[in-house]
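Trainee: I have a structure I would like to understand better, so I am pasting it below and will then ask my questions one at a time.
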Amino acid sequence: MNRYVALLRGIAPALPNMKNHQLRGVFEQLGHERVQSVLASGNILFHSPHSDVPELERTIQQALVDTLGIGGGTIIREVGELRALLDSDPFHGLTHGRGSYLTATFLKDGSPVAPRLPDDPDPRTRVIGYDGAARVFLTVIDNSEPGKTPDFMRWLDRTYGKDITTRTWLTVQRIVAKLELP
């Protein structure tokens, strides 16, 4: 049995049809097992015998649209991919906190990686790098100006559209800890 997380894009728990119990229900209706959520931002853990990740992404996304009207995007990662990412310690010596968010922006399986980063460096974003195995951009975001989206995040949206979703490093750590429980 494979252990996965579905990282759902555009989930706002205050909106109808986006509550964790409703999201989990869609996964259970598809026959996935040990379905649970991490936080209230569209992180659904599940076990499945299926190993075709792009097909899982398509099937789950279609079920979310059909059942709940949610069309934001579904990105799936297997526990081993995320464990390897954590073990690589990309943020060595850096701390997540007010003014410096450690973030991971996941690309959908099969998304083309841009050959280079944007020409104009964003003073509010420090790009740590891109991990090809996990298909994720790793950044430190200066969030000292609330409500202002860093230029790098806008570049990611323009470049990849709905084929990305961002999580804090703390959330990624929580997801892996829960996925690794027996």
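Identifiers for the structure tokens are assigned positionally: chains receive A, B, ... in sequence, residues are indexed from 1 per chain, and ligands are indexed from 1 in the order shown.
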So which residues touch region 93-109 of chain A within 6 Å, counting only C-alpha atoms, skipping near sequence neighbours fewer than 4 positions away, as an MDAnalysis selection string?

Mentor: chainID A and resid 75 135:144 163:169

Trainee: Selection from above, N, CA, C and O atoms, as a CSV table (one decimal), in the first residue's frame, can you write it?

Mentor:
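Everything below was put into result_1.csv:
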```
chain,number,residue,atom,x,y,z
A,75,ILE,N,-2.0,18.1,-6.4
A,75,ILE,CA,-0.6,17.6,-6.6
A,75,ILE,C,-0.4,16.6,-5.5
A,75,ILE,O,-0.7,16.8,-4.3
A,135,ARG,N,10.4,17.7,-7.2
A,135,ARG,CA,9.8,18.7,-8.1
A,135,ARG,C,9.2,19.9,-7.2
A,135,ARG,O,8.0,20.2,-7.2
A,136,VAL,N,10.2,20.6,-6.6
A,136,VAL,CA,9.8,21.6,-5.6
A,136,VAL,C,10.8,22.8,-5.6
A,136,VAL,O,12.0,22.5,-5.7
A,137,PHE,N,10.3,24.0,-5.7
A,137,PHE,CA,11.2,25.2,-5.5
A,137,PHE,C,11.2,25.5,-4.0
A,137,PHE,O,10.2,25.4,-3.3
A,138,LEU,N,12.4,25.7,-3.4
A,138,LEU,CA,12.6,26.0,-2.0
A,138,LEU,C,13.0,27.4,-1.9
A,138,LEU,O,14.0,27.9,-2.5
A,139,THR,N,12.3,28.2,-1.1
A,139,THR,CA,12.5,29.6,-0.9
A,139,THR,C,12.4,30.1,0.5
A,139,THR,O,11.7,29.5,1.3
A,140,VAL,N,13.0,31.2,0.8
A,140,VAL,CA,12.8,31.9,2.0
A,140,VAL,C,12.1,33.2,1.6
A,140,VAL,O,12.7,34.0,0.9
A,141,ILE,N,10.9,33.5,2.2
A,141,ILE,CA,10.1,34.6,1.8
A,141,ILE,C,10.1,35.6,3.0
A,141,ILE,O,9.8,35.3,4.1
A,142,ASP,N,10.4,36.9,2.6
A,142,ASP,CA,10.3,38.0,3.6
A,142,ASP,C,8.8,38.4,3.6
A,142,ASP,O,8.3,39.0,2.7
A,143,ASN,N,8.1,38.0,4.7
A,143,ASN,CA,6.7,38.3,4.7
A,143,ASN,C,6.4,39.5,5.7
A,143,ASN,O,5.4,39.5,6.3
A,144,SER,N,7.4,40.4,5.9
A,144,SER,CA,7.3,41.5,6.9
A,144,SER,C,6.3,42.5,6.4
A,144,SER,O,5.8,43.3,7.2
A,163,ASP,N,-0.6,24.5,-11.8
A,163,ASP,CA,0.2,23.3,-11.7
A,163,ASP,C,1.2,23.4,-10.5
A,163,ASP,O,2.2,22.7,-10.5
A,164,ILE,N,0.9,24.3,-9.6
A,164,ILE,CA,1.8,24.5,-8.4
A,164,ILE,C,0.9,24.7,-7.1
A,164,ILE,O,-0.2,25.0,-7.2
A,165,THR,N,1.5,24.5,-6.0
A,165,THR,CA,1.0,24.9,-4.7
A,165,THR,C,2.1,25.0,-3.7
A,165,THR,O,3.1,24.3,-3.8
A,166,THR,N,1.9,26.0,-2.8
A,166,THR,CA,3.0,26.3,-1.9
A,166,THR,C,2.6,25.9,-0.4
A,166,THR,O,1.4,26.1,0.0
A,167,ARG,N,3.5,25.3,0.3
A,167,ARG,CA,3.4,25.0,1.7
A,167,ARG,C,4.5,25.5,2.5
A,167,ARG,O,5.7,25.6,2.0
A,168,THR,N,4.3,25.8,3.8
A,168,THR,CA,5.5,26.2,4.6
A,168,THR,C,6.3,24.9,4.9
A,168,THR,O,5.7,23.8,4.8
A,169,TRP,N,7.5,25.1,5.2
A,169,TRP,CA,8.4,24.0,5.5
A,169,TRP,C,7.9,23.3,6.8
A,169,TRP,O,7.9,22.0,6.9
```

Trainee: Could you find all residues in chain A that DSSP calls strand (DSSP E or B) from the backbone, and write them as an MDAnalysis selection string?

Mentor: chainID A and resid 2:8 33:37 43:48 74:78 97 100:107 125:131 136:141 164:168

Trainee: Kindly provide the residues of region 60-85 of chain A that approach region 33-52 of chain A to within 10 Å, each paired with its closest atom pair and their distance in Å to one decimal, based on only C-alpha atoms, listed by chain and increasing number, as JSON lines.

Mentor:
```
{"residue": "A:Thr74", "atom": "CA", "partner": "A:Gly42", "partner_atom": "CA", "distance": 9.4}
{"residue": "A:Ile75", "atom": "CA", "partner": "A:Asn43", "partner_atom": "CA", "distance": 9.9}
{"residue": "A:Ile76", "atom": "CA", "partner": "A:Ile44", "partner_atom": "CA", "distance": 9.4}
{"residue": "A:Arg77", "atom": "CA", "partner": "A:Leu45", "partner_atom": "CA", "distance": 9.7}
{"residue": "A:Glu78", "atom": "CA", "partner": "A:Ser51", "partner_atom": "CA", "distance": 9.3}
{"residue": "A:Val79", "atom": "CA", "partner": "A:Leu45", "partner_atom": "CA", "distance": 9.6}
```

Trainee: DSSP on the backbone, alpha helix (DSSP H) only: what residues of chain A does that give? Format it as a PyMOL selection string.

Mentor: chain A and resi 20-29+53-68+79-87+151-160+169-179

Trainee: Measuring between only C-alpha atoms, which one of A:Ala134, A:Leu56, A:Leu15, A:Met153 shows the shortest distance to Asp87 (chain A)?

Mentor: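 Using only C-alpha atoms, the shortest distance to Asp87 (chain A) belongs to A:Ala134.
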
Trainee: Taking into account only C-alpha atoms, which residue in the set A:Glu180, A:Leu64, A:Ala12, A:Tyr4 is nearest to Gly25 (chain A)?

Mentor: A:Leu64

Trainee: Rounded to one decimal, what separation in Å do you get between CA of Lys162 (chain A) and CA of Gly72 (chain A)?

Mentor: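 Separating CA of Lys162 (chain A) from CA of Gly72 (chain A) is a distance of 6.7 Å.
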
Trainee: Using only C-alpha atoms, which of A:Leu82, A:Gln22, A:Pro121, A:Arg9 sits nearest Lys178 (chain A)?

Mentor: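 Counting only C-alpha atoms, the residue closest to Lys178 (chain A) is A:Leu82.
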
Trainee: Nearest residue to Asp66 (chain A) out of A:Leu156, A:Leu7, A:Val26, A:Ala177, using only C-alpha atoms?

Mentor: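 For Asp66 (chain A), the nearest of the given residues is A:Val26.
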
Trainee: Can you list, as an mmCIF file with N, CA and C atoms, in the first residue's frame, every protein, DNA or RNA residue that comes within 9 Å of region 59-62 of chain A when you count only C-alpha atoms, leaving out same-chain residues fewer than 4 positions away?

Mentor:
```cif
data_model
loop_
_atom_site.group_PDB
_atom_site.id
_atom_site.type_symbol
_atom_site.label_atom_id
_atom_site.label_comp_id
_atom_site.auth_asym_id
_atom_site.auth_seq_id
_atom_site.Cartn_x
_atom_site.Cartn_y
_atom_site.Cartn_z
ATOM 1 N N ALA A 6 -2.069 14.434 -0.822
ATOM 2 C CA ALA A 6 -2.611 15.261 -1.894
ATOM 3 C C ALA A 6 -2.553 16.693 -1.385
ATOM 4 N N LEU A 8 -3.781 20.115 -2.103
ATOM 5 C CA LEU A 8 -4.856 20.727 -2.881
ATOM 6 C C LEU A 8 -4.643 22.231 -2.950
ATOM 7 N N VAL A 26 -14.397 12.756 -0.159
ATOM 8 C CA VAL A 26 -14.150 12.501 -1.587
ATOM 9 C C VAL A 26 -13.115 11.391 -1.751
ATOM 10 N N PHE A 27 -12.057 11.434 -0.957
ATOM 11 C CA PHE A 27 -11.003 10.418 -1.036
ATOM 12 C C PHE A 27 -11.537 9.050 -0.610
ATOM 13 N N LEU A 30 -13.573 7.398 -3.257
ATOM 14 C CA LEU A 30 -12.731 6.846 -4.320
ATOM 15 C C LEU A 30 -12.074 5.527 -3.902
ATOM 16 N N PRO A 54 0.233 10.538 -11.810
ATOM 17 C CA PRO A 54 -0.560 11.432 -12.668
ATOM 18 C C PRO A 54 -2.029 10.998 -12.783
ATOM 19 N N GLU A 55 -2.271 9.686 -12.835
ATOM 20 C CA GLU A 55 -3.649 9.198 -12.898
ATOM 21 C C GLU A 55 -4.382 9.476 -11.582
ATOM 22 N N ASP A 66 -16.439 17.226 -9.458
ATOM 23 C CA ASP A 66 -17.777 16.640 -9.563
ATOM 24 C C ASP A 66 -18.548 16.673 -8.258
ATOM 25 N N THR A 67 -17.865 16.399 -7.150
ATOM 26 C CA THR A 67 -18.538 16.274 -5.855
ATOM 27 C C THR A 67 -18.684 17.604 -5.125
ATOM 28 N N ILE A 70 -14.721 21.940 -6.612
ATOM 29 C CA ILE A 70 -13.398 22.502 -6.346
ATOM 30 C C ILE A 70 -12.491 22.195 -7.530
ATOM 31 N N GLY A 71 -12.033 23.232 -8.220
ATOM 32 C CA GLY A 71 -11.195 23.037 -9.393
ATOM 33 C C GLY A 71 -9.809 23.612 -9.268
ATOM 34 N N GLY A 72 -9.319 23.793 -8.062
ATOM 35 C CA GLY A 72 -8.043 24.472 -7.854
ATOM 36 C C GLY A 72 -6.809 23.726 -8.298
ATOM 37 N N GLY A 73 -6.781 22.438 -8.235
ATOM 38 C CA GLY A 73 -5.597 21.676 -8.615
ATOM 39 C C GLY A 73 -5.194 20.694 -7.531
ATOM 40 N N THR A 74 -4.697 19.537 -7.962
ATOM 41 C CA THR A 74 -4.287 18.477 -7.052
ATOM 42 C C THR A 74 -2.874 18.044 -7.387
#
```
